[in-house]
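Everything below belongs to data17.pdb, which stores PDB, C-alpha atoms.
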ATOM      1  CA  MET A   1     -44.661  15.034 -13.373
ATOM      2  CA  GLN A   2     -44.769  11.291 -12.836
ATOM      3  CA  LEU A   3     -42.041   9.701 -10.767
ATOM      4  CA  PHE A   4     -41.469   5.998 -10.571
ATOM      5  CA  VAL A   5     -38.978   4.236  -8.330
ATOM      6  CA  VAL A   6     -37.644   1.649 -10.694
ATOM      7  CA  LEU A   7     -34.686  -0.043  -9.109
ATOM      8  CA  PHE A   8     -32.115  -0.074  -6.369
ATOM      9  CA  VAL A   9     -28.759   0.536  -8.008
ATOM     10  CA  PHE A  10     -25.920  -0.310  -5.662
ATOM     11  CA  VAL A  11     -23.235   0.430  -8.192
ATOM     12  CA  SER A  12     -19.576  -0.256  -7.722
ATOM     13  CA  SER A  13     -18.168   3.268  -7.599
ATOM     14  CA  GLY A  14     -14.531   4.176  -7.630
ATOM     15  CA  LEU A  15     -13.350   5.795  -4.419
ATOM     16  CA  ASN A  16     -10.421   8.157  -4.515
ATOM     17  CA  THR A  17      -9.879  10.080  -1.305
ATOM     18  CA  LEU A  18      -7.460  12.956  -1.643
ATOM     19  CA  PRO A  19      -6.219  15.254   1.152
ATOM     20  CA  GLU A  20      -7.009  18.921   0.585
ATOM     21  CA  TYR A  21      -6.088  20.806   3.729
ATOM     22  CA  ASP A  22      -5.936  20.452   7.462
ATOM     23  CA  LEU A  23      -8.668  21.982   9.587
ATOM     24  CA  THR A  24      -6.961  23.460  12.613
ATOM     25  CA  THR A  25     -10.182  24.147  14.498
ATOM     26  CA  VAL A  26     -10.249  20.665  16.024
ATOM     27  CA  GLU A  27      -6.950  19.298  17.245
ATOM     28  CA  SER A  28      -5.824  17.259  20.207
ATOM     29  CA  THR A  29      -2.965  14.980  21.111
ATOM     30  CA  LEU A  30      -4.882  11.982  19.773
ATOM     31  CA  ASN A  31      -7.279  13.163  17.077
ATOM     32  CA  SER A  32      -7.326  15.629  14.193
ATOM     33  CA  VAL A  33     -10.057  16.542  11.721
ATOM     34  CA  TYR A  34      -9.272  16.835   8.022
ATOM     35  CA  LEU A  35     -11.278  17.859   4.980
ATOM     36  CA  MET A  36     -10.974  15.352   2.142
ATOM     37  CA  THR A  37     -12.441  14.937  -1.329
ATOM     38  CA  SER A  38     -14.038  11.642  -2.366
ATOM     39  CA  GLN A  39     -14.929  11.029  -6.019
ATOM     40  CA  GLY A  40     -16.672   8.271  -7.943
ATOM     41  CA  GLU A  41     -18.613   7.445 -11.057
ATOM     42  CA  LEU A  42     -21.230   4.903 -12.097
ATOM     43  CA  GLN A  43     -23.146   3.844 -15.193
ATOM     44  CA  VAL A  44     -26.916   3.395 -15.451
ATOM     45  CA  ASP A  45     -27.559   0.638 -17.995
ATOM     46  CA  SER A  46     -31.359   0.349 -17.787
ATOM     47  CA  VAL A  47     -34.192   2.828 -17.293
ATOM     48  CA  ALA A  48     -37.887   2.872 -16.474
ATOM     49  CA  THR A  49     -40.565   3.266 -19.133
ATOM     50  CA  TYR A  50     -41.598   6.593 -17.612
ATOM     51  CA  PRO A  51     -40.141   9.869 -18.902
ATOM     52  CA  MET A  52     -38.788  10.645 -15.426
ATOM     53  CA  TYR A  53     -37.714   8.140 -12.776
ATOM     54  CA  GLU A  54     -35.513   7.711  -9.690
ATOM     55  CA  ILE A  55     -32.512   5.561  -8.988
ATOM     56  CA  TYR A  56     -30.743   4.899  -5.700
ATOM     57  CA  PHE A  57     -27.016   4.399  -5.299
ATOM     58  CA  HIS A  58     -24.563   3.932  -2.482
ATOM     59  CA  ILE A  59     -21.590   6.204  -1.808
ATOM     60  CA  PRO A  60     -18.698   4.058  -0.481
ATOM     61  CA  VAL A  61     -17.546   6.373   2.300
ATOM     62  CA  PRO A  62     -16.895   4.594   5.638
ATOM     63  CA  TYR A  63     -19.130   6.499   8.029
ATOM     64  CA  GLU A  64     -17.548   5.816  11.400
ATOM     65  CA  TYR A  65     -14.576   8.144  10.902
ATOM     66  CA  GLN A  66     -15.725   9.925   7.723
ATOM     67  CA  VAL A  67     -18.791  12.172   7.363
ATOM     68  CA  PRO A  68     -19.822  13.689   4.001
ATOM     69  CA  ILE A  69     -20.788  17.349   4.451
ATOM     70  CA  LEU A  70     -21.296  18.326   0.810
ATOM     71  CA  LEU A  71     -22.285  16.230  -2.207
ATOM     72  CA  GLU A  72     -22.249  17.209  -5.876
ATOM     73  CA  VAL A  73     -23.750  14.849  -8.481
ATOM     74  CA  GLU A  74     -23.566  15.425 -12.249
ATOM     75  CA  GLY A  75     -24.947  13.574 -15.272
ATOM     76  CA  PRO A  76     -26.369  14.369 -18.730
ATOM     77  CA  TYR A  77     -29.927  13.299 -17.766
ATOM     78  CA  LEU A  78     -29.831  14.331 -14.105
ATOM     79  CA  VAL A  79     -32.752  16.433 -12.819
ATOM     80  CA  ASP A  80     -32.179  16.465  -9.066
ATOM     81  CA  TYR A  81     -30.666  14.412  -6.237
ATOM     82  CA  ARG A  82     -30.757  14.128  -2.468
ATOM     83  CA  PHE A  83     -29.569  12.009   0.438
ATOM     84  CA  VAL A  84     -32.179   9.493   1.529
ATOM     85  CA  ARG A  85     -30.052   8.121   4.307
ATOM     86  CA  LEU A  86     -27.081   9.658   6.039
ATOM     87  CA  THR A  87     -26.590   7.329   8.975
ATOM     88  CA  PRO A  88     -24.358   4.283   9.456
ATOM     89  CA  PRO A  89     -23.807   1.980   7.758
ATOM     90  CA  ASN A  90     -25.224   3.231   4.438
ATOM     91  CA  LEU A  91     -24.910   6.510   2.566
ATOM     92  CA  VAL A  92     -27.688   6.247   0.002
ATOM     93  CA  VAL A  93     -28.478   8.894  -2.615
ATOM     94  CA  ALA A  94     -31.662   9.222  -4.685
ATOM     95  CA  ALA A  95     -31.254  10.767  -8.134
ATOM     96  CA  THR A  96     -34.075  11.814 -10.457
ATOM     97  CA  LEU A  97     -33.296  11.173 -14.139
ATOM     98  CA  THR A  98     -34.942  11.592 -17.513
ATOM     99  CA  GLN A  99     -34.774   9.032 -20.298
ATOM    100  CA  GLY A 100     -31.444   8.491 -22.025
ATOM    101  CA  LEU A 101     -28.820   5.775 -22.326
ATOM    102  CA  PRO A 102     -26.069   5.239 -21.603
ATOM    103  CA  CYS A 103     -26.282   7.405 -18.510
ATOM    104  CA  PRO A 104     -22.983   8.117 -16.728
ATOM    105  CA  ILE A 105     -23.187   9.754 -13.303
ATOM    106  CA  THR A 106     -20.255  11.293 -11.466
ATOM    107  CA  TRP A 107     -20.221  12.412  -7.861
ATOM    108  CA  GLN A 108     -17.891  14.292  -5.565
ATOM    109  CA  ALA A 109     -18.229  14.613  -1.814
ATOM    110  CA  SER A 110     -16.436  16.806   0.680
ATOM    111  CA  VAL A 111     -15.789  14.578   3.671
ATOM    112  CA  LEU A 112     -14.765  15.388   7.220
ATOM    113  CA  VAL A 113     -12.307  12.737   8.342
ATOM    114  CA  LEU A 114     -11.372  12.029  11.936
ATOM    115  CA  GLY A 115      -7.713  11.091  11.917
ATOM    116  CA  LYS A 116      -6.791   8.945  14.897
ATOM    117  CA  ASN A 117      -3.432   8.210  16.410
ATOM    118  CA  TRP A 118      -3.254   4.426  16.816
ATOM    119  CA  ASN A 119      -0.232   4.365  19.110
ATOM    120  CA  ASP A 120      -1.754   1.630  21.264
ATOM    121  CA  ILE A 121      -1.925  -0.905  18.418
ATOM    122  CA  PRO A 122       0.570  -3.723  19.060
ATOM    123  CA  SER A 123       3.213  -4.495  16.460
ATOM    124  CA  PHE A 124       2.999  -8.255  17.019
ATOM    125  CA  VAL A 125      -0.031 -10.530  17.408
ATOM    126  CA  PRO A 126       0.723 -14.269  17.330
ATOM    127  CA  ILE A 127      -1.201 -16.412  14.871
ATOM    128  CA  PRO A 128      -3.298 -18.675  17.141
ATOM    129  CA  ASP A 129      -3.043 -22.423  17.151
ATOM    130  CA  TYR A 130      -6.147 -24.282  16.068
ATOM    131  CA  GLY A 131      -6.601 -25.792  19.534
ATOM    132  CA  GLN A 132      -6.715 -22.324  21.096
ATOM    133  CA  LEU A 133      -9.726 -21.236  19.069
ATOM    134  CA  PRO A 134     -13.255 -21.400  20.539
ATOM    135  CA  ASP A 135     -15.902 -23.442  18.773
ATOM    136  CA  SER A 136     -17.687 -20.245  17.718
ATOM    137  CA  VAL A 137     -14.885 -19.312  15.299
ATOM    138  CA  THR A 138     -13.578 -22.664  14.067
ATOM    139  CA  LYS A 139     -16.389 -22.808  11.489
ATOM    140  CA  TRP A 140     -14.604 -19.988   9.652
ATOM    141  CA  LEU A 141     -11.697 -22.361   8.981
ATOM    142  CA  GLN A 142     -13.837 -24.605   6.794
ATOM    143  CA  PRO A 143     -13.686 -24.508   2.981
ATOM    144  CA  THR A 144     -16.707 -23.116   1.122
ATOM    145  CA  ASP A 145     -17.697 -22.747  -2.517
ATOM    146  CA  CYS A 146     -16.149 -19.276  -2.489
ATOM    147  CA  ALA A 147     -13.128 -19.949  -0.263
ATOM    148  CA  GLN A 148     -11.757 -23.311  -1.346
ATOM    149  CA  ILE A 149      -8.882 -23.545   1.107
ATOM    150  CA  GLU A 150      -7.997 -27.134   0.084
ATOM    151  CA  SER A 151      -7.301 -26.102  -3.534
ATOM    152  CA  PRO A 152      -3.623 -26.482  -4.552
ATOM    153  CA  VAL A 153      -3.423 -22.892  -5.785
ATOM    154  CA  VAL A 154      -4.873 -21.570  -2.524
ATOM    155  CA  GLN A 155      -2.445 -23.675  -0.485
ATOM    156  CA  ALA A 156       0.526 -22.548  -2.600
ATOM    157  CA  VAL A 157      -0.304 -18.839  -2.371
ATOM    158  CA  ALA A 158      -1.146 -19.155   1.334
ATOM    159  CA  SER A 159       2.319 -20.584   1.974
ATOM    160  CA  GLU A 160       3.866 -17.795  -0.104
ATOM    161  CA  VAL A 161       2.178 -14.947   1.780
ATOM    162  CA  LEU A 162       2.858 -16.558   5.172
ATOM    163  CA  GLY A 163       6.570 -17.024   4.641
ATOM    164  CA  THR A 164       8.251 -17.580   7.976
ATOM    165  CA  THR A 165       6.200 -15.110  10.032
ATOM    166  CA  ASN A 166       4.078 -15.923  13.045
ATOM    167  CA  ASN A 167       2.818 -12.337  13.248
ATOM    168  CA  LEU A 168      -0.864 -12.026  12.377
ATOM    169  CA  ILE A 169      -0.387  -8.362  11.449
ATOM    170  CA  THR A 170       2.406  -9.199   8.996
ATOM    171  CA  LEU A 171       0.299 -11.972   7.473
ATOM    172  CA  ALA A 172      -2.698  -9.651   7.076
ATOM    173  CA  ASP A 173      -0.509  -7.048   5.347
ATOM    174  CA  SER A 174       0.879  -9.691   2.998
ATOM    175  CA  VAL A 175      -2.580 -11.010   2.133
ATOM    176  CA  TYR A 176      -3.795  -7.465   1.486
ATOM    177  CA  SER A 177      -0.862  -6.656  -0.798
ATOM    178  CA  TYR A 178      -1.244  -9.885  -2.750
ATOM    179  CA  CYS A 179      -5.012  -9.548  -3.248
ATOM    180  CA  HIS A 180      -4.790  -5.845  -4.049
ATOM    181  CA  ALA A 181      -2.457  -6.706  -6.930
ATOM    182  CA  ILE A 182      -4.859  -9.277  -8.443
ATOM    183  CA  PRO A 183      -5.846  -7.967 -11.916
ATOM    184  CA  TYR A 184      -9.361  -6.625 -12.272
ATOM    185  CA  GLU A 185     -10.485  -8.807 -15.178
ATOM    186  CA  PHE A 186     -12.543 -11.847 -16.197
ATOM    187  CA  PRO A 187     -10.568 -13.613 -18.948
ATOM    188  CA  HIS A 188     -12.164 -17.061 -18.666
ATOM    189  CA  MET A 189     -15.725 -18.310 -19.065
ATOM    190  CA  PRO A 190     -17.801 -19.049 -17.169
ATOM    191  CA  TYR A 191     -17.249 -16.056 -14.912
ATOM    192  CA  ALA A 192     -16.868 -16.844 -11.228
ATOM    193  CA  PHE A 193     -16.169 -14.846  -8.080
ATOM    194  CA  ASP A 194     -14.528 -17.510  -5.923
ATOM    195  CA  ALA A 195     -10.986 -17.570  -4.563
ATOM    196  CA  VAL A 196      -9.600 -20.036  -7.116
ATOM    197  CA  TYR A 197     -10.835 -18.008 -10.102
ATOM    198  CA  ALA A 198      -9.446 -14.809  -8.570
ATOM    199  CA  LEU A 199      -6.035 -16.314  -7.830
ATOM    200  CA  LEU A 200      -5.713 -17.902 -11.273
ATOM    201  CA  TRP A 201      -7.132 -15.275 -13.614
ATOM    202  CA  GLY A 202      -8.139 -12.095 -11.786
ATOM    203  CA  ASN A 203     -11.466 -10.804 -10.522
ATOM    204  CA  SER A 204     -13.461  -7.919  -9.105
ATOM    205  CA  CYS A 205     -13.473  -6.765  -5.498
ATOM    206  CA  THR A 206     -15.778  -9.688  -4.650
ATOM    207  CA  GLY A 207     -13.337 -12.313  -5.885
ATOM    208  CA  LYS A 208     -10.442 -10.547  -4.184
ATOM    209  CA  ALA A 209     -12.339 -10.621  -0.883
ATOM    210  CA  HIS A 210     -12.988 -14.352  -1.234
ATOM    211  CA  ALA A 211      -9.324 -14.907  -2.093
ATOM    212  CA  ALA A 212      -8.239 -12.996   1.010
ATOM    213  CA  ALA A 213     -10.585 -15.025   3.206
ATOM    214  CA  ALA A 214      -9.301 -18.274   1.695
ATOM    215  CA  LEU A 215      -5.646 -17.310   2.222
ATOM    216  CA  MET A 216      -6.281 -16.390   5.837
ATOM    217  CA  ARG A 217      -8.241 -19.601   6.515
ATOM    218  CA  ALA A 218      -5.581 -21.723   4.835
ATOM    219  CA  ASN A 219      -3.094 -20.252   7.316
ATOM    220  CA  GLY A 220      -5.295 -21.120  10.289
ATOM    221  CA  VAL A 221      -6.856 -17.678  10.797
ATOM    222  CA  PRO A 222     -10.681 -17.530  11.002
ATOM    223  CA  ALA A 223     -11.865 -15.163   8.282
ATOM    224  CA  ARG A 224     -15.025 -14.454   6.340
ATOM    225  CA  THR A 225     -16.177 -11.913   3.810
ATOM    226  CA  LEU A 226     -18.709  -9.271   4.743
TER     227      LEU A 226
END
Take the structure in this file and express it as structure tokens.
Amino acid sequence: MQLFVVLFVFVSSGLNTLPEYDLTTVESTLNSVYLMTSQGELQVDSVATYPMYEIYFHIPVPYEYQVPILLEVEGPYLVDYRFVRLTPPNLVVAATLTQGLPCPITWQASVLVLGKNWNDIPSFVPIPDYGQLPDSVTKWLQPTDCAQIESPVVQAVASEVLGTTNNLITLADSVYSYCHAIPYEFPHMPYAFDAVYALLWGNSCTGKAHAAAALMRANGVPARTL
């Protein structure tokens, strides 16, 4: 059998975390442990020239408070699979496949989730004035190719999501709600992943992240995409 590592496939997988039942073995006044189910799917669009090959893909499960304890992967050309890394920040899986396209792969993980009680989080955090910010963070208030904060559409939407609040938490919630509702589509050519394209026509998660950063910067809050 000849194996050939052909590519790193960090595929955008859908994440749908659903509560199943509460584990009562670990409980305290602050923390509880729950068993959840996380599901996703991806599409392999290119293969190696060998009859059998490996791909690598990332499972989007935040590791700090979520730990996968069981993984099931299925696909029409799947031979075998395994974790190749199970430590923060990446959960990477290697899957051995045989030739065949298109190749859909579905996965389901049982995940232990540490539920925390965030009672100490304040309900109000004032949006800082520009003069209060240290030099190390003011660079995140500058426009970039992806976060064009001086664009009229960015300024208009930034004013809309800010409203009359001076609460950073309220602003962050508003920005999240607005960007979450951006349609997932690319109706205009050429395709772009910047804030202006996302706010005007829709985009993927990348464009939504740039839009969120632009809206926060336009309201005087240092922000960047990760």
Calculate how many Å separate atom CA of Pro143 of chain A from atom CA of Arg224 of chain A, rounding to one decimal.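 A separation of 10.7 Å between them.
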What gap, in Å, lies between atom CA of Val44 of chain A and atom CA of Gly100 of chain A?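 Separation between atom CA of Val44 of chain A and atom CA of Gly100 of chain A: 9.5 Å.
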Considering only C-alpha atoms, can you say which of A:Leu226, A:Ile55, A:Ala211, A:Leu114 comes closest to Leu35 of chain A?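 That would be A:Leu114, the residue with the smallest distance to Leu35 of chain A.
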From A:Val154, A:Ala209, A:Val73, A:Val93, residue lying nearest Thr225 of chain A [only C-alpha atoms]: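 That would be A:Ala209, the residue with the smallest distance to Thr225 of chain A.
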For a quick check of understanding, using only C-alpha atoms, which of A:Ile169, A:Thr164, A:Pro187, A:Pro222 has the smallest distance to Pro134 of chain A?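 Closest candidate: A:Pro222.
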Residues selected by the PyMOL selection byres ((chain A and resi 144) around 12), written as a VMD selection string: chain A and resid 139 to 143 145 to 151 194 to 196 210 to 211 213 to 214 217 to 218 223 to 225
What residues come out when you apply the PyMOL selection byres ((chain A and resi 181) around 12) to this file, written as a list in words?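 After applying the PyMOL selection byres ((chain A and resi 181) around 12), what remains is Ser174, Val175, Tyr176, Ser177, Tyr178, Cys179, His180, Ile182, Pro183, Tyr184, Glu185, Ala198, Leu199, Trp201, Gly202, Asn203, Ser204, Cys205, Lys208, Ala211 and Ala212 of chain A.
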From the set A:Met189, A:Ile69, A:Val221, A:Val153, which residue has the shortest atom-to-atom contact distance to Leu133 of chain A, counting only C-alpha atoms?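 Closest residue, counting only C-alpha atoms: A:Val221.
Across the structure, atom CA of His188 of chain A and atom CA of Asn219 of chain A are spaced 27.7 Å apart.
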May I have the residues within 6 Å of Ile105 of chain A as an MDAnalysis selection string, using all atoms listed in the file and disregarding those fewer than 5 positions away in the same chain? chainID A and resid 41:42 74:75
Once the PyMOL selection byres ((chain A and resi 161) around 7) has been evaluated on this model, what residues remain selected, and can you format them as a list in words?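 Selection result, ordered by chain and number: Val157, Ala158, Ser159, Glu160, Leu162, Gly163, Leu171, Ser174 and Val175 of chain A.
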Suppose we keep C-alpha atoms; can you now write the selection as a short mmCIF file (atom, residue, chain, number, x, y, z; two decimals), in the frame of the given file?
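Printed below is result.cif as written:
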data_model
loop_
_atom_site.label_atom_id
_atom_site.label_comp_id
_atom_site.auth_asym_id
_atom_site.auth_seq_id
_atom_site.Cartn_x
_atom_site.Cartn_y
_atom_site.Cartn_z
CA VAL A 157 -0.30 -18.84 -2.37
CA ALA A 158 -1.15 -19.16 1.33
CA SER A 159 2.32 -20.58 1.97
CA GLU A 160 3.87 -17.80 -0.10
CA LEU A 162 2.86 -16.56 5.17
CA GLY A 163 6.57 -17.02 4.64
CA LEU A 171 0.30 -11.97 7.47
CA SER A 174 0.88 -9.69 3.00
CA VAL A 175 -2.58 -11.01 2.13
#
Using only C-alpha atoms, pick whichever of A:Leu101, A:Leu78, A:Val113, A:Ala48 has the shortest atom-to-atom distance to Pro62 of chain A.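 The closest residue to Pro62 of chain A is A:Val113.
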Do a neighbour search on Val111 of chain A at 9 Å with all atoms listed in the file, toss out local chain neighbours closer than 5 positions, and write the hits as a list in words.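 Counting all atoms listed in the file, the residues come to Thr17, Tyr34, Leu35, Met36, Thr37, Ser38, Val61, Gln66, Val67, Pro68, Ile69, Leu70 and Leu71 of chain A.
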Find the axis-aligned box for segment 145-162 of chain A, covering all its listed atoms and adding 4 Å on each side, and write its centre and edge lengths in Å to one decimal as JSON.
{"center_x": -6.9, "center_y": -21.0, "center_z": -0.3, "size_x": 29.6, "size_y": 20.2, "size_z": 19.0}
